[in-house]
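A.B. asks: final10.json is the file, holding JSON, C-alpha atoms and all ligand atoms:
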[["chain", "number", "residue", "atom", "x", "y", "z"],
["A", 1, "MET", "CA", 25.30, 12.36, -14.57],
["A", 2, "GLN", "CA", 28.60, 13.05, -16.39],
["A", 3, "LEU", "CA", 30.59, 9.90, -17.24],
["A", 4, "SER", "CA", 34.36, 10.04, -16.74],
["A", 5, "PRO", "CA", 36.50, 9.89, -19.92],
["A", 6, "SER", "CA", 37.35, 6.21, -19.28],
["A", 7, "THR", "CA", 33.72, 5.18, -18.77],
["A", 8, "LYS", "CA", 30.84, 4.47, -21.17],
["A", 9, "PHE", "CA", 27.53, 2.64, -21.26],
["A", 10, "ASP", "CA", 26.92, -0.37, -23.51],
["A", 11, "ASN", "CA", 23.70, -2.26, -24.26],
["A", 12, "THR", "CA", 24.96, -4.81, -26.79],
["A", 13, "LEU", "CA", 24.64, -7.82, -24.47],
["A", 14, "GLY", "CA", 21.15, -7.12, -23.15],
["A", 15, "VAL", "CA", 21.67, -5.71, -19.65],
["A", 16, "THR", "CA", 23.16, -2.19, -19.61],
["A", 17, "ARG", "CA", 26.83, -2.41, -18.79],
["A", 18, "ILE", "CA", 29.26, 0.20, -17.62],
["A", 19, "LEU", "CA", 32.54, -0.29, -19.51],
["A", 20, "VAL", "CA", 35.71, 1.11, -18.02],
["A", 21, "ASP", "CA", 38.93, 1.30, -20.03],
["A", 22, "ASN", "CA", 41.69, 3.24, -18.28],
["A", 23, "PRO", "CA", 45.52, 3.02, -18.41],
["A", 24, "PHE", "CA", 45.47, 0.30, -15.73],
["A", 25, "ALA", "CA", 42.65, -2.10, -16.56],
["A", 26, "GLN", "CA", 39.46, -2.87, -18.43],
["A", 27, "ALA", "CA", 36.35, -3.77, -16.47],
["A", 28, "SER", "CA", 32.61, -4.07, -16.94],
["A", 29, "VAL", "CA", 29.73, -3.73, -14.51],
["A", 30, "SER", "CA", 26.09, -4.61, -15.18],
["A", 31, "LEU", "CA", 23.54, -2.12, -13.87],
["A", 32, "TYR", "CA", 21.32, -5.18, -13.41],
["A", 33, "GLY", "CA", 22.46, -6.49, -10.05],
["A", 34, "GLY", "CA", 25.15, -3.85, -9.54],
["A", 35, "HIS", "CA", 27.14, -6.78, -10.81],
["A", 36, "VAL", "CA", 30.84, -6.63, -11.70],
["A", 37, "LEU", "CA", 31.27, -8.92, -14.73],
["A", 38, "SER", "CA", 34.93, -8.58, -15.60],
["A", 39, "PHE", "CA", 38.21, -7.16, -14.41],
["A", 40, "CYS", "CA", 41.33, -7.42, -16.57],
["A", 41, "PRO", "CA", 44.49, -5.58, -15.47],
["A", 42, "LYS", "CA", 46.61, -4.31, -18.35],
["A", 43, "SER", "CA", 49.78, -5.32, -16.52],
["A", 44, "ASP", "CA", 49.27, -8.96, -17.55],
["A", 45, "GLY", "CA", 46.09, -9.01, -19.64],
["A", 46, "ARG", "CA", 44.68, -11.84, -17.49],
["A", 47, "GLU", "CA", 40.93, -11.74, -16.79],
["A", 48, "ARG", "CA", 40.43, -12.30, -13.09],
["A", 49, "LEU", "CA", 36.71, -13.08, -13.09],
["A", 50, "TRP", "CA", 34.74, -15.99, -14.51],
["A", 51, "LEU", "CA", 31.45, -15.43, -16.32],
["A", 52, "SER", "CA", 29.37, -18.36, -17.46],
["A", 53, "LYS", "CA", 29.10, -18.68, -21.23],
["A", 54, "GLN", "CA", 25.43, -19.44, -20.55],
["A", 55, "ALA", "CA", 24.86, -16.58, -18.13],
["A", 56, "VAL", "CA", 21.41, -15.03, -18.57],
["A", 57, "LEU", "CA", 21.99, -11.36, -19.47],
["A", 58, "ASP", "CA", 18.44, -10.20, -20.16],
["A", 59, "GLY", "CA", 17.65, -9.09, -16.62],
["A", 60, "SER", "CA", 15.38, -12.05, -15.91],
["A", 61, "LYS", "CA", 17.58, -13.77, -13.32],
["A", 62, "ALA", "CA", 20.77, -13.31, -11.32],
["A", 63, "ILE", "CA", 23.87, -13.38, -13.50],
["A", 64, "ARG", "CA", 26.01, -16.53, -13.15],
["A", 65, "GLY", "CA", 29.57, -15.37, -12.59],
["A", 66, "GLY", "CA", 31.37, -12.12, -11.86],
["A", 67, "ILE", "CA", 30.62, -10.69, -8.41],
["A", 68, "PRO", "CA", 26.99, -11.19, -7.30],
["A", 69, "VAL", "CA", 26.03, -8.85, -4.44],
["A", 70, "CYS", "CA", 24.30, -10.89, -1.74],
["A", 71, "TRP", "CA", 22.24, -8.64, 0.57],
["A", 72, "PRO", "CA", 20.33, -8.42, 3.01],
["A", 73, "TRP", "CA", 21.15, -12.08, 3.52],
["A", 74, "PHE", "CA", 23.63, -14.67, 2.35],
["A", 75, "SER", "CA", 22.21, -17.89, 0.89],
["A", 76, "ASP", "CA", 18.95, -18.60, 2.80],
["A", 77, "SER", "CA", 20.08, -17.13, 6.12],
["A", 78, "HIS", "CA", 17.17, -14.70, 6.28],
["A", 79, "GLY", "CA", 16.02, -16.22, 9.57],
["A", 80, "GLN", "CA", 12.48, -16.71, 8.32],
["A", 81, "ASP", "CA", 10.60, -19.84, 7.23],
["A", 82, "ASP", "CA", 9.45, -18.22, 4.03],
["A", 83, "VAL", "CA", 10.85, -20.45, 1.27],
["A", 84, "SER", "CA", 9.70, -17.93, -1.31],
["A", 85, "LEU", "CA", 12.44, -15.50, -0.23],
["A", 86, "PRO", "CA", 15.20, -15.40, -2.86],
["A", 87, "ALA", "CA", 18.55, -17.03, -2.08],
["A", 88, "HIS", "CA", 21.26, -14.41, -1.50],
["A", 89, "GLY", "CA", 18.70, -11.63, -1.11],
["A", 90, "TYR", "CA", 17.21, -9.42, -3.77],
["A", 91, "LEU", "CA", 19.76, -6.74, -4.66],
["A", 92, "ARG", "CA", 21.41, -8.93, -7.32],
["A", 93, "THR", "CA", 18.13, -8.97, -9.26],
["A", 94, "GLN", "CA", 17.45, -5.24, -9.17],
["A", 95, "THR", "CA", 18.55, -2.63, -11.69],
["A", 96, "TRP", "CA", 20.99, -0.32, -9.93],
["A", 97, "GLN", "CA", 21.78, 3.30, -10.76],
["A", 98, "LEU", "CA", 25.24, 4.71, -11.49],
["A", 99, "ILE", "CA", 25.59, 7.73, -9.20],
["A", 100, "SER", "CA", 29.09, 8.81, -10.19],
["A", 101, "SER", "CA", 32.14, 7.85, -12.21],
["A", 102, "GLN", "CA", 35.46, 9.59, -11.64],
["A", 103, "ASP", "CA", 38.92, 9.09, -13.08],
["A", 104, "HIS", "CA", 41.72, 9.45, -10.52],
["A", 105, "HIS", "CA", 45.47, 9.29, -11.09],
["A", 106, "ASP", "CA", 45.64, 5.53, -10.50],
["A", 107, "HIS", "CA", 42.06, 4.26, -10.79],
["A", 108, "THR", "CA", 38.50, 4.91, -11.92],
["A", 109, "GLU", "CA", 35.86, 5.03, -9.19],
["A", 110, "LEU", "CA", 32.25, 4.03, -9.79],
["A", 111, "LYS", "CA", 29.48, 4.49, -7.24],
["A", 112, "LEU", "CA", 26.20, 2.63, -7.66],
["A", 113, "VAL", "CA", 23.03, 2.39, -5.56],
["A", 114, "PRO", "CA", 20.21, -0.18, -5.76],
["A", 115, "ALA", "CA", 16.67, 0.71, -6.75],
["A", 116, "ALA", "CA", 15.37, -0.14, -3.28],
["A", 117, "THR", "CA", 16.73, -1.67, -0.10],
["A", 118, "GLN", "CA", 13.40, -2.74, 1.37],
["A", 119, "GLY", "CA", 11.95, -5.88, -0.09],
["A", 120, "PRO", "CA", 10.34, -9.22, 0.74],
["A", 121, "GLY", "CA", 11.77, -10.30, 4.11],
["A", 122, "PHE", "CA", 13.40, -6.97, 5.03],
["A", 123, "SER", "CA", 11.43, -3.85, 5.87],
["A", 124, "TYR", "CA", 13.97, -1.66, 7.68],
["A", 125, "GLU", "CA", 15.28, 1.70, 6.49],
["A", 126, "ALA", "CA", 18.71, 1.00, 5.04],
["A", 127, "GLU", "CA", 21.01, 2.78, 2.64],
["A", 128, "VAL", "CA", 23.28, 0.67, 0.44],
["A", 129, "SER", "CA", 25.93, 1.69, -2.04],
["A", 130, "LEU", "CA", 28.63, -0.08, -3.99],
["A", 131, "VAL", "CA", 31.90, 1.71, -4.61],
["A", 132, "ILE", "CA", 34.13, 0.03, -7.19],
["A", 133, "LYS", "CA", 37.70, 1.20, -7.77],
["A", 134, "ILE", "CA", 39.34, -0.07, -10.95],
["A", 135, "GLY", "CA", 43.11, 0.30, -11.26],
["A", 136, "GLN", "CA", 46.01, -2.16, -11.21],
["A", 137, "THR", "CA", 43.87, -3.82, -8.55],
["A", 138, "MET", "CA", 40.10, -3.69, -8.16],
["A", 139, "SER", "CA", 38.28, -3.07, -4.90],
["A", 140, "ILE", "CA", 34.55, -3.38, -4.34],
["A", 141, "ASP", "CA", 32.99, -1.91, -1.20],
["A", 142, "LEU", "CA", 29.47, -2.95, -0.20],
["A", 143, "HIS", "CA", 28.46, -0.17, 2.17],
["A", 144, "THR", "CA", 25.41, -0.49, 4.43],
["A", 145, "HIS", "CA", 24.16, 2.45, 6.53],
["A", 146, "ASN", "CA", 21.31, 2.47, 9.04],
["A", 147, "PRO", "CA", 19.70, 5.95, 8.93],
["A", 148, "GLY", "CA", 16.55, 4.77, 10.70],
["A", 149, "PRO", "CA", 15.44, 4.53, 14.33],
["A", 150, "GLN", "CA", 15.62, 0.73, 14.61],
["A", 151, "PRO", "CA", 18.61, -1.60, 14.66],
["A", 152, "PHE", "CA", 18.63, -4.33, 12.05],
["A", 153, "ALA", "CA", 20.67, -7.48, 11.50],
["A", 154, "ILE", "CA", 21.93, -8.63, 8.11],
["A", 155, "THR", "CA", 24.24, -11.12, 6.49],
["A", 156, "CYS", "CA", 25.83, -10.38, 3.10],
["A", 157, "ALA", "CA", 28.55, -11.43, 0.70],
["A", 158, "LEU", "CA", 30.57, -10.47, -2.34],
["A", 159, "HIS", "CA", 30.11, -13.82, -4.08],
["A", 160, "THR", "CA", 33.05, -13.64, -6.47],
["A", 161, "TYR", "CA", 33.63, -16.19, -9.24],
["A", 162, "PHE", "CA", 37.33, -16.32, -10.10],
["A", 163, "ALA", "CA", 38.63, -17.54, -13.45],
["A", 164, "ILE", "CA", 41.16, -20.36, -13.21],
["A", 165, "SER", "CA", 42.72, -22.63, -15.82],
["A", 166, "ASP", "CA", 41.78, -25.99, -14.24],
["A", 167, "ILE", "CA", 40.06, -26.60, -10.90],
["A", 168, "ARG", "CA", 42.08, -29.79, -10.44],
["A", 169, "SER", "CA", 45.30, -27.77, -10.44],
["A", 170, "VAL", "CA", 44.08, -25.04, -8.07],
["A", 171, "GLU", "CA", 45.48, -24.51, -4.59],
["A", 172, "LEU", "CA", 44.11, -21.94, -2.14],
["A", 173, "LYS", "CA", 46.43, -20.42, 0.46],
["A", 174, "GLY", "CA", 45.60, -18.23, 3.42],
["A", 175, "ILE", "CA", 42.48, -19.94, 4.77],
["A", 176, "GLU", "CA", 42.73, -21.65, 8.15],
["A", 177, "GLY", "CA", 40.65, -22.94, 11.01],
["A", 178, "GLN", "CA", 37.40, -24.84, 10.85],
["A", 179, "TYR", "CA", 34.66, -24.71, 8.24],
["A", 180, "LYS", "CA", 31.05, -25.84, 7.92],
["A", 181, "ASP", "CA", 30.54, -28.18, 4.99],
["A", 182, "LYS", "CA", 27.23, -27.66, 3.17],
["A", 183, "THR", "CA", 27.81, -30.82, 1.12],
["A", 184, "ARG", "CA", 27.97, -32.90, 4.32],
["A", 185, "ASN", "CA", 24.99, -31.49, 6.21],
["A", 186, "TRP", "CA", 27.07, -28.64, 7.67],
["A", 187, "GLN", "CA", 29.54, -30.99, 9.34],
["A", 188, "VAL", "CA", 32.44, -29.05, 10.92],
["A", 189, "SER", "CA", 35.92, -29.93, 9.64],
["A", 190, "GLU", "CA", 39.43, -28.54, 9.65],
["A", 191, "THR", "CA", 40.59, -26.57, 6.62],
["A", 192, "PRO", "CA", 42.81, -28.88, 4.57],
["A", 193, "ALA", "CA", 46.42, -28.08, 3.68],
["A", 194, "PRO", "CA", 47.15, -28.06, 0.84],
["A", 195, "TYR", "CA", 43.70, -26.75, -0.04],
["A", 196, "ARG", "CA", 42.81, -28.46, -3.31],
["A", 197, "PHE", "CA", 39.65, -29.53, -5.13],
["A", 198, "SER", "CA", 38.46, -32.98, -6.18],
["A", 199, "GLU", "CA", 34.67, -32.87, -5.61],
["A", 200, "GLU", "CA", 31.74, -30.50, -5.08],
["A", 201, "THR", "CA", 32.95, -27.98, -2.53],
["A", 202, "ASP", "CA", 30.64, -25.68, -0.57],
["A", 203, "ARG", "CA", 32.23, -24.44, 2.65],
["A", 204, "VAL", "CA", 31.70, -21.59, 5.07],
["A", 205, "HIS", "CA", 35.05, -20.90, 6.72],
["A", 206, "HIS", "CA", 34.76, -18.86, 9.91],
["A", 207, "CYS", "CA", 38.06, -17.28, 9.01],
["A", 208, "LYS", "CA", 38.87, -13.57, 9.03],
["A", 209, "SER", "CA", 42.03, -13.93, 7.01],
["A", 210, "GLU", "CA", 42.58, -10.70, 5.11],
["A", 211, "GLN", "CA", 44.42, -12.29, 2.19],
["A", 212, "VAL", "CA", 43.76, -15.46, 0.27],
["A", 213, "THR", "CA", 45.72, -16.43, -2.82],
["A", 214, "ILE", "CA", 44.47, -18.65, -5.63],
["A", 215, "HIS", "CA", 47.34, -20.58, -7.25],
["A", 216, "THR", "CA", 46.80, -22.25, -10.61],
["A", 217, "GLU", "CA", 49.46, -23.26, -13.13],
["A", 218, "GLY", "CA", 51.78, -20.34, -12.51],
["A", 219, "ASP", "CA", 49.10, -17.68, -12.05],
["A", 220, "ILE", "CA", 48.35, -16.21, -8.63],
["A", 221, "THR", "CA", 45.18, -14.22, -7.96],
["A", 222, "LYS", "CA", 45.18, -12.27, -4.69],
["A", 223, "VAL", "CA", 41.92, -11.81, -2.81],
["A", 224, "GLY", "CA", 41.85, -9.26, -0.01],
["A", 225, "SER", "CA", 38.94, -9.05, 2.45],
["A", 226, "THR", "CA", 37.87, -6.68, 5.21],
["A", 227, "GLY", "CA", 34.61, -6.30, 7.12],
["A", 228, "HIS", "CA", 33.95, -10.05, 6.83],
["A", 229, "ASP", "CA", 33.40, -12.74, 9.43],
["A", 230, "SER", "CA", 33.87, -15.62, 7.02],
["A", 231, "LEU", "CA", 35.16, -16.78, 3.68],
["A", 232, "VAL", "CA", 32.98, -19.00, 1.51],
["A", 233, "VAL", "CA", 34.52, -21.40, -1.00],
["A", 234, "TRP", "CA", 32.35, -22.98, -3.67],
["A", 235, "ASN", "CA", 32.75, -25.16, -6.69],
["A", 236, "PRO", "CA", 29.63, -27.04, -7.88],
["A", 237, "TRP", "CA", 31.64, -29.77, -9.62],
["A", 238, "GLN", "CA", 30.24, -31.57, -12.62],
["A", 239, "GLU", "CA", 27.00, -33.10, -11.35],
["A", 240, "LYS", "CA", 25.66, -29.77, -10.09],
["A", 241, "SER", "CA", 27.00, -27.85, -13.10],
["A", 242, "VAL", "CA", 24.92, -30.12, -15.33],
["A", 243, "THR", "CA", 21.77, -29.19, -13.37],
["A", 244, "MET", "CA", 22.32, -25.45, -13.78],
["A", 245, "GLY", "CA", 20.89, -24.10, -17.02],
["A", 246, "ASP", "CA", 23.03, -20.98, -16.83],
["A", 247, "MET", "CA", 26.28, -22.91, -16.47],
["A", 248, "GLU", "CA", 27.93, -25.03, -19.14],
["A", 249, "ASP", "CA", 28.39, -28.66, -18.04],
["A", 250, "SER", "CA", 32.16, -28.26, -17.90],
["A", 251, "GLY", "CA", 31.97, -24.76, -16.42],
["A", 252, "TYR", "CA", 33.06, -25.97, -12.99],
["A", 253, "GLN", "CA", 36.51, -26.75, -14.39],
["A", 254, "THR", "CA", 37.45, -23.10, -14.93],
["A", 255, "MET", "CA", 35.97, -21.34, -11.92],
["A", 256, "VAL", "CA", 36.20, -21.17, -8.17],
["A", 257, "CYS", "CA", 34.22, -18.93, -5.83],
["A", 258, "VAL", "CA", 36.12, -17.28, -2.98],
["A", 259, "GLU", "CA", 33.57, -15.08, -1.27],
["A", 260, "THR", "CA", 34.16, -12.27, 1.19],
["A", 261, "ALA", "CA", 31.17, -12.77, 3.44],
["A", 262, "VAL", "CA", 29.33, -11.98, 6.63],
["A", 263, "THR", "CA", 27.52, -15.22, 7.42],
["A", 264, "ASP", "CA", 27.18, -14.96, 11.20],
["A", 265, "GLY", "CA", 25.72, -11.52, 10.63],
["A", 266, "PHE", "CA", 25.97, -8.20, 12.36],
["A", 267, "THR", "CA", 23.48, -5.80, 13.86],
["A", 268, "LEU", "CA", 23.62, -2.18, 12.72],
["A", 269, "ALA", "CA", 22.51, 0.23, 15.43],
["A", 270, "PRO", "CA", 20.73, 3.40, 14.29],
["A", 271, "GLY", "CA", 23.18, 5.80, 12.69],
["A", 272, "THR", "CA", 25.92, 3.21, 12.18],
["A", 273, "GLU", "CA", 27.37, 1.70, 9.01],
["A", 274, "HIS", "CA", 29.33, -1.31, 7.73],
["A", 275, "HIS", "CA", 31.76, -1.82, 4.88],
["A", 276, "LEU", "CA", 32.33, -5.22, 3.30],
["A", 277, "ILE", "CA", 35.31, -4.89, 0.98],
["A", 278, "GLN", "CA", 36.99, -7.29, -1.40],
["A", 279, "THR", "CA", 40.17, -6.42, -3.27],
["A", 280, "ILE", "CA", 41.37, -8.36, -6.30],
["A", 281, "ALA", "CA", 44.87, -8.35, -7.75],
["B", 301, "LIG", "O1", 28.10, -19.43, -1.92],
["B", 301, "LIG", "C1", 27.82, -20.78, -2.12],
["B", 301, "LIG", "C2", 26.34, -20.95, -2.43],
["B", 301, "LIG", "O2", 25.55, -20.57, -1.33],
["B", 301, "LIG", "C3", 26.10, -22.38, -2.87],
["B", 301, "LIG", "O3", 25.44, -23.13, -1.87],
["B", 301, "LIG", "C4", 25.30, -22.24, -4.15],
["B", 301, "LIG", "O4", 23.93, -22.14, -3.86],
["B", 301, "LIG", "C5", 25.89, -20.93, -4.70],
["B", 301, "LIG", "O5", 25.97, -20.10, -3.55],
["B", 301, "LIG", "C6", 25.19, -20.32, -5.86],
["B", 301, "LIG", "O6", 23.96, -19.83, -5.47],
["B", 301, "LIG", "P1", 22.98, -19.21, -6.62],
["B", 301, "LIG", "O7", 21.74, -18.80, -5.89],
["B", 301, "LIG", "O8", 23.71, -18.05, -7.23],
["B", 301, "LIG", "O9", 22.79, -20.33, -7.61]]
Write out the structure in this file as structure tokens.

C.D. replies:
Amino acid sequence: MQLSPSTKFDNTLGVTRILVDNPFAQASVSLYGGHVLSFCPKSDGRERLWLSKQAVLDGSKAIRGGIPVCWPWFSDSHGQDDVSLPAHGYLRTQTWQLISSQDHHDHTELKLVPAATQGPGFSYEAEVSLVIKIGQTMSIDLHTHNPGPQPFAITCALHTYFAISDIRSVELKGIEGQYKDKTRNWQVSETPAPYRFSEETDRVHHCKSEQVTIHTEGDITKVGSTGHDSLVVWNPWQEKSVTMGDMEDSGYQTMVCVETAVTDGFTLAPGTEHHLIQTIA
């Protein structure tokens, strides 16, 4: 496969990364997990994504940070009692293949496919691809197609870790309605306004808002979503950060997850497809 002029492979960190450097931005994507690790627009030189300083980058476990691809289920919503099934599915721990890279007038487009879409807990025929467009903004499109004779149901998410200066100064705007609170046994509550952080936060918002903004000390990160039925907001706070070996104890202070997600799920009839798209500016 011919790489575009702005694209190259790099193996210096362990996992093979695709590095993109075009007139609009720099970005990197790990083939392991089909996992976007960084996106830095040249307009302001501000990295949009957070990557743990202790992230495991040898291909032995899901990478902590960037944009984990959660498929064919989000969290443990696989609908089975099999506790051995991996949280967030198994595509984020596969080595993906770069199918194409193309430079366009205002962005570079990468297309990746996973090694396999069938796995423990999901045996249907499914085709999955990830199309990433890197320009002044970045979009990531998780495309699922059902070429087979049977319908199948999935949940999925683009589990994005955003870099922020200080979680205690962050305000989210654009989320409304009720949410389910994982930290309080899935109790249903109203989305707070202003939406700020002062403790472990793990919420599934059944909100189809197409734009959320992350405000922190003068910086605004814009998060666009389509194809979703919910937005997930997560910050592990200190106690949980300390328990995670791939996250520095203070890591929670400089990240917040705003995830474009399908948590209620959808059923794909034979011959149909679904696009879950997140756009970052
Ligand atoms: O999206 C929020 C969440 O489901 C949290 O409950 C927490 O488990 C987080 O994802 C990270 O999951 P991971 O399997 O990547 O450690």

A.B. asks: Could you give me the residues within 10 Å of ligand LIG 301 (chain B), counting all atoms listed in the file, as a PyMOL selection string?

C.D. replies: chain A and resi 61-65+68-70+74-77+86-89+92+157-161+181-183+201-204+231-236+240+244+246-247+257-261

A.B. asks: Record the distance separating CA of Leu31 in chain A and CA of Thr254 in chain A, expressed in Å with one decimal.

C.D. replies: 25.2 Å

A.B. asks: Suppose you want the space between CA of Pro120 in chain A and CA of Leu268 in chain A; what is it in Å?

C.D. replies: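 Taking CA of Pro120 in chain A and CA of Leu268 in chain A, their separation equals 19.2 Å.
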
A.B. asks: Need the shell around Pro147 in chain A: protein/DNA/RNA residues with any atom at most 12 Å away, counting only C-alpha atoms. Skip same-chain ones fewer than 2 positions apart. Format as a list in words?

C.D. replies: Tyr124, Glu125, Ala126, Glu127, Val128, Thr144, His145, Pro149, Gln150, Pro151, Phe152, Leu268, Ala269, Pro270, Gly271, Thr272 and Glu273 of chain A

A.B. asks: Tell me which of A:His228, A:Asn11, A:Thr267, A:Val262 sits closest to Trp73 in chain A, counting all atoms listed in the file.

C.D. replies: A:Val262

A.B. asks: So, with all atoms listed in the file as the atoms that count, which of A:His205, A:Arg168, A:Asp141, A:Trp237 lies closest to Trp186 in chain A?

C.D. replies: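 Using all atoms listed in the file, the shortest distance to Trp186 in chain A belongs to A:His205.
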
A.B. asks: I'd like the contact shell of Met1 in chain A - 10 Å cut-off, only C-alpha atoms, skipping same-chain residues fewer than 2 positions apart - returned as a list of chain:residue names.

C.D. replies: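 Non-adjacent residues within range: A:Leu3, A:Ser4, A:Leu98, A:Ile99, A:Ser100, A:Ser101.
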
A.B. asks: Please list, as a list of chain:residue names, the residues that have an atom at most 10 Å away from (42.0, -6.3, -10.1) in the coordinates of this file, counting only C-alpha atoms.

C.D. replies: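 So the residues meeting the distance criterion are A:Phe24, A:Ala25, A:Gln26, A:Ala27, A:Ser38, A:Phe39, A:Cys40, A:Pro41, A:Lys42, A:Arg46, A:Glu47, A:Arg48, A:Leu49, A:Lys133, A:Ile134, A:Gly135, A:Gln136, A:Thr137, A:Met138, A:Ser139, A:Ile140, A:Thr221, A:Lys222, A:Val223, A:Thr279, A:Ile280, A:Ala281.
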
A.B. asks: Missing atoms in range 258-271 of chain A need filling: write out N, CA and C atoms for it as a compact mmCIF listing (two decimals), in the coordinates of the input.

C.D. replies:
# COMPACT_ATOMS: atom_id res chain seq x y z
N VAL A 258 35.56 -17.64 -4.29
CA VAL A 258 36.12 -17.28 -2.98
C VAL A 258 35.39 -16.00 -2.58
N GLU A 259 34.54 -16.14 -1.58
CA GLU A 259 33.57 -15.08 -1.27
C GLU A 259 33.91 -14.38 0.05
N THR A 260 33.98 -13.09 -0.02
CA THR A 260 34.16 -12.27 1.19
C THR A 260 32.78 -12.09 1.79
N ALA A 261 32.56 -12.63 2.99
CA ALA A 261 31.17 -12.77 3.44
C ALA A 261 31.00 -12.44 4.92
N VAL A 262 29.77 -12.07 5.24
CA VAL A 262 29.33 -11.98 6.63
C VAL A 262 28.21 -13.00 6.76
N THR A 263 28.54 -14.15 7.34
CA THR A 263 27.52 -15.22 7.42
C THR A 263 26.97 -15.38 8.83
N ASP A 264 27.74 -14.97 9.84
CA ASP A 264 27.18 -14.96 11.20
C ASP A 264 26.26 -13.75 11.35
N GLY A 265 26.59 -12.70 10.58
CA GLY A 265 25.72 -11.52 10.63
C GLY A 265 26.22 -10.47 11.60
N PHE A 266 25.68 -9.29 11.43
CA PHE A 266 25.97 -8.20 12.36
C PHE A 266 24.70 -7.36 12.50
N THR A 267 24.62 -6.69 13.63
CA THR A 267 23.48 -5.80 13.86
C THR A 267 23.96 -4.36 13.72
N LEU A 268 23.28 -3.60 12.90
CA LEU A 268 23.62 -2.18 12.72
C LEU A 268 22.70 -1.35 13.60
N ALA A 269 23.30 -0.67 14.57
CA ALA A 269 22.51 0.23 15.43
C ALA A 269 22.15 1.46 14.60
N PRO A 270 21.10 2.17 15.01
CA PRO A 270 20.73 3.40 14.29
C PRO A 270 21.94 4.33 14.15
N GLY A 271 22.10 4.83 12.94
CA GLY A 271 23.18 5.80 12.69
C GLY A 271 24.52 5.17 12.42
